[in-house]
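*Asks:* Structure in C-alpha cells, see below.
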Amino acid sequence: MTCFEGWTACNGFSLLVLLLLGVILNAIPLIVNFVDEGQFFENPISCFEWWFPGIIGAGVMAIPATTMSLAARKRACCNNKTGMFLSSLLNTITVIGAAYCLLVSIQALAEGPLICNSQSNTTSCEFSLKNLTSNYHESFDLQWFFEDSCVPRTDSNNPSINTTASNWRVHNLNFNSIENKYRIIHFSVFLGLLLVGILEMLFGLTQIIIGFLGCLCGGVSKRRSQIV
C-alpha cells in the first residue's frame, strides 16, 4: 500500500466517525421535540435542525467519499490513478456538504432557538437558501445563550441583566426550565455540528489534494504491481 492509499484509508475512517457524529447530533433535537410534543414539527426547538445539516450535509453527502476511501484498505478502489482521481471527485461532494452544515450551524448559533425569538412558532420557519444567508449581518455574540433569560421581557421596569460567567454557570447549566433546556440543547448540537462541518471540510480538501497527488505520483503500488 502506498502512502497515498494509507492516508486515504485513514481519511475514510475519520470521515465515517464524523458522518455518524453529524447524524446523531442532528437527530438529538428532533428526538427531544418528539418526546416532548408527541409529534414532529410541533413547537420545534429551532427551524435549523429541519434543514438536516448533519443528516444530509455532514451525513448523506459524505457517504460516497467515505465508502471510496475505506475501500483503500482492501485496495479495491484507490490502488490506481483512476481510483484516486475518483476519490478526489467524490470528496468534492463531501466538501459541499460540509460547507452546508457549517453555514446552517453558524446561522443557528447566531439566531438561537425559537423560544428566544419574539415569533417563537413554526410559522417563522422559512426553508430557503435566501433565508439561510439573509441574516449574516447580525452580530455573532451568543447573547441568547449567555444571558439570564433570552425570552423578550414585557416588563419595562425589570430589564434583562447580564450575569457573570460564574453566576451564569450556576443558574443556566441545568434543565430546570424549558427555556434553559432548549438553549443548552440548541447550543450544544449546533456547536458540535459546526466542528463536524469544519473537520469534514478539512479532511475532504486534504483528500482532494492527496487524490490528485496520487494520480501524478502514486498510481498502483509497486508491491501490488509485482503480485499482479
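Each chain in the C-alpha cells gets a letter, A, B, ..., in the order shown, and its residues are numbered from 1; ligands are numbered from 1 in order too.
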If we count only C-alpha atoms, what is near range 195-211 of chain A at a cut-off of 8 Å, once residues fewer than 4 positions away on the same chain are taken out, given as a ChimeraX atom specification?

*Replies:* /A:4,8,11,14-15,18,21-22,58,84-89,91-92,94-95,98-102,191,215

*Asks:* Near Cys150 in chain A, counting only C-alpha atoms, which residues have an atom at most 8 Å away, once you skip same-chain residues fewer than 4 positions from it, shown as an mmCIF file with C-alpha atoms, in the first residue's frame?

*Replies:*
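File written: selection.cif
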data_model
loop_
_atom_site.group_PDB
_atom_site.id
_atom_site.type_symbol
_atom_site.label_atom_id
_atom_site.label_comp_id
_atom_site.auth_asym_id
_atom_site.auth_seq_id
_atom_site.Cartn_x
_atom_site.Cartn_y
_atom_site.Cartn_z
ATOM 1 C CA ILE A 115 -38.083 30.269 22.229
ATOM 2 C CA CYS A 116 -35.562 33.132 22.256
ATOM 3 C CA ASN A 117 -37.269 34.920 19.370
ATOM 4 C CA GLN A 143 -26.313 36.713 23.964
ATOM 5 C CA TRP A 144 -29.304 34.395 23.766
ATOM 6 C CA PHE A 145 -27.172 31.739 25.459
#

*Asks:* To one decimal place in Å, what is the distance between CA of Leu194 in chain A and CA of Leu19 in chain A?

*Replies:* 12.8 Å
